[in-house]
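Novice: Got a structure for you, questions after.
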Amino acid sequence: MSQIEQKIIRKAAKGDRAAFRQLVLEHSHAMFRLAWRLSGDESAAEDIVQEAFIKAWRKIGEFRMDASFKSWLHRITVNTAMDYLRKHVRRKQFETVGPAWETLDQAGAVPDTGTQIDISRQTQVAMMDLSDAERTALLLKHYEGHSIEEVARIMEITTGACKQNIFRAVRKMRVALRPLVAT
Amino acid sequence: MKIINDEDLTLLYYGEHEDPALAAAVAESEELSARYDALCAELKLADAYQPPQRGDDYGADVWQRISSRLGEDDTKSKGRLGAWLASFVQPRFSLAGALSIALVAALAFMLGRNGGPEISTDANAPAGVTPVSMAGIDSDRLLNRSVAAHLEQVNIVLTQFVNTSQTSSNETEHATDMLVANRLYRQAAEAQGNQKLAAFLADLEPLLIELAYQAQSGSPATRERMQQEVKDGLLFRVRVMNNQLSKPEISV
């Protein structure tokens with residue numbers, strides 16, 4: 001974490017809204033990406049990002065400067081997303097995806113047209129079929145590039161449990177994506 | 001060397017394997033290379049899981065949406081002392097209201113001690129209240145106005161309480177503050193011989209106690225019962241009493 005960011009965080013922790021605004025501007029896109037991947041839904045992701053920032057504002061005084069601010073924000077985002085998903089129906093957006101997925105299942109092959117879109121959708125469906133813990137661990141490792149130790153810290157689990165979640169997630173994703181590799 | 005399984009290959013893929021010999025072993029073995037390539041190809045497909053793009057102004061948009069809500073939560077981040085200080089800048093719990101609490105506490109003390117309504121105009125008057133303004137107000141009117149301001153706040157908290165399904169910690173904190181203020185006003189009314197007002201405030205007290213200590217931890221049934229009590233008449237009585245006290249000529 002740069003000294004400038006530390007300074008901004010210190011100011012925000014003292015209640016400086018302009019400093020906190022800087023943090024929002026800097027981290028919004030990354031938080032949206034994570035929230036979207038966790039929820040699989042655009043409007044849910046937007047809600048999660050907003051709630052997560054509000055929680056971050058409330059808790060920023062508890063942030064330790066020797067920790068990674070990005071990891072800290074990710075932990076808040078993950079917890080917020082889990083709360084959100086528990087309260088809301090998480091898969092309503094996939095109702096419209098059904099036909100493409102069924103086509104693949106029945107025919108055993110990917111349709112010739114719009115292949116890239118199908119891969120994206122099917123990856124999304126496979127991702128949402130993972131358990132919350134598996135999906136979170138995989139997302140933080142695969143897309144966010146956190147080390148296993150960091151992922152474990154964000155998820156507040158042991159590194160052993162974290163590895164097992166990643167292994168299970170990878171195994172399930174490979175089974176789901178294997179039919180698409182040839183294309 | 002131990003048998004290399006898919007978990008080892010996964011760790012290798014993510015650069016997390018601790019055994020430096022693993023990469024070399026995979027490179028040397030055709031079978032392992034094939035397995036590793038398959039894993040890479042399958043996981044590479046997961047990169048297609050890309051979120052929709054947000055515009056450059058997304059951060060500003062998020063800020064616009066949350067900035068007005070940050071104020072609501074200031075009290076939670078600053079602890080109890082901070083919450084108390086923040087109450088001075090929240091419109092519904094105004095500085096005037098807080099001052100009136102201090103003033104009535106002083107009034108209760110003086111009435112109880114001296115047995116009369118005479119108000120001292122010395123330098124102990126609360127900040128912002130000049131000796132001249134205090135000298136021009138009789139103690140009945142002062143108490144009535146202060147209790148009216150207090151009931152206005154009680155009205156807000158009770159209205160929020162009957163219209164929400166969950167008690168927030170904020171609501172509980174306000175109820176605690178209100179309970180303390182209510183006791184001070186009741187004592188002031190008793191000291192002044194205003195039994196009707198004292199009795200009314202005494203009626204209010206049990207509900208404020210419940211709100212302060214039970215609403216958040218109590219069962220949904222408890223909350224429903226409390227909400228029903230408030231709806232059944234207490235809220236109406238608070239509003240009526242507030243109206244009466246707000247009229248300068250009427251004393252209760």
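Quick note on naming: the chains in the structure tokens go A, B, ... in the order shown, residues restart at 1 in each chain, and ligands are numbered from 1 in order of appearance.
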Excluding range 167-181 of chain A and its own-chain neighbours fewer than 3 positions away, which residues fall within 9 Å of it when counting only C-alpha atoms? Please give them as a PyMOL selection string.

Specialist: (chain A and resi 104+108-110+119+122-123+126-127+129-131+133-135+137-138+162-164) or (chain B and resi 6-7+10-11+38-39+41-43+45-46)

Novice: Could you write out as a list in words the residues of chain B within 6 Å of chain A, counting only C-alpha atoms?

Specialist: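 In the required form, that comes to Glu42, Ala46, Ala48, Tyr49, Pro51, Gly59 and Ser77 of chain B.
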
Novice: Show me, as a list in words, the residues that have an atom within 10 Å of Leu32 in chain B when counting only C-alpha atoms, minus same-chain residues fewer than 6 positions from it.

Specialist: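 Close residues of Leu32 in chain B: Ile4, Asn5, Asp6, Leu9, Ala23, Ala25, Val26 and Ala38 of chain B.
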
Novice: Deliver the residues from the most recent selection as a file, using C-alpha atoms, as a PDB file, in the first residue's frame.

Specialist:
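See result-v5.pdb below for the written result:
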ATOM      1  CA  ILE B   4       1.292 -36.105  -8.560  1.00  0.00           C
ATOM      2  CA  ASN B   5      -2.452 -35.552  -8.453  1.00  0.00           C
ATOM      3  CA  ASP B   6      -4.756 -32.880  -9.878  1.00  0.00           C
ATOM      4  CA  LEU B   9      -1.368 -29.449 -10.725  1.00  0.00           C
ATOM      5  CA  ALA B  23       7.349 -28.064 -12.546  1.00  0.00           C
ATOM      6  CA  ALA B  25       8.558 -33.305 -13.218  1.00  0.00           C
ATOM      7  CA  VAL B  26       5.559 -32.122 -15.216  1.00  0.00           C
ATOM      8  CA  ALA B  38      -5.919 -30.044 -20.095  1.00  0.00           C
TER       9      ALA B  38
END

Novice: From a backbone DSSP assignment, name each residue in range 16-63 of chain B labelled alpha helix (DSSP H), as a CSV table (one decimal) with C-alpha atoms, in the first residue's frame.

Specialist:
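Ended up saving to part_14.csv:
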chain,number,residue,atom,x,y,z
B,21,ALA,CA,10.7,-30.0,-8.4
B,22,LEU,CA,7.1,-30.3,-9.5
B,23,ALA,CA,7.3,-28.1,-12.5
B,24,ALA,CA,10.3,-30.0,-13.8
B,25,ALA,CA,8.6,-33.3,-13.2
B,26,VAL,CA,5.6,-32.1,-15.2
B,27,ALA,CA,7.8,-30.9,-18.0
B,28,GLU,CA,9.6,-34.2,-18.2
B,30,GLU,CA,4.3,-36.7,-21.3
B,31,GLU,CA,1.4,-37.9,-19.3
B,32,LEU,CA,1.7,-35.2,-16.7
B,33,SER,CA,2.2,-32.5,-19.4
B,34,ALA,CA,-1.0,-33.7,-21.0
B,35,ARG,CA,-2.9,-33.5,-17.8
B,36,TYR,CA,-1.5,-30.1,-17.0
B,37,ASP,CA,-2.4,-28.8,-20.4
B,38,ALA,CA,-5.9,-30.0,-20.1
B,39,LEU,CA,-6.3,-28.3,-16.8
B,40,CYS,CA,-4.9,-25.1,-18.2
B,41,ALA,CA,-7.2,-25.2,-21.2
B,42,GLU,CA,-10.3,-25.8,-19.0
B,43,LEU,CA,-9.4,-23.2,-16.5
B,44,LYS,CA,-8.6,-20.7,-19.2
B,45,LEU,CA,-12.3,-20.9,-20.3
B,58,TYR,CA,-19.1,4.5,-12.1
B,59,GLY,CA,-17.1,5.5,-9.0
B,60,ALA,CA,-18.6,8.9,-9.0
B,61,ASP,CA,-22.0,7.4,-9.4
B,62,VAL,CA,-21.5,5.0,-6.4
B,63,TRP,CA,-20.3,8.0,-4.4

Novice: Can you list, as a list of chain:residue names, every protein, DNA or RNA residue that comes within 9 Å of Asn79 in chain A when you count only C-alpha atoms, leaving out same-chain residues fewer than 5 positions away?

Specialist: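 Counting only C-alpha atoms, the residues come to A:Ala52, A:His74, A:Tyr84, A:Met155.
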
Novice: Neighbouring residues of Ala198 in chain B were defined as those with any atom within 9 Å, considering only C-alpha atoms; residues of the same chain fewer than 2 positions away were excluded. Please report them as a list in words.

Specialist: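 Result of the neighbour search: Tyr185, Arg186, Gln187, Ala188, Ala189, Glu190, Gly193, Asn194, Gln195, Lys196, Phe200, Leu201, Ala202 and Asp203 of chain B.
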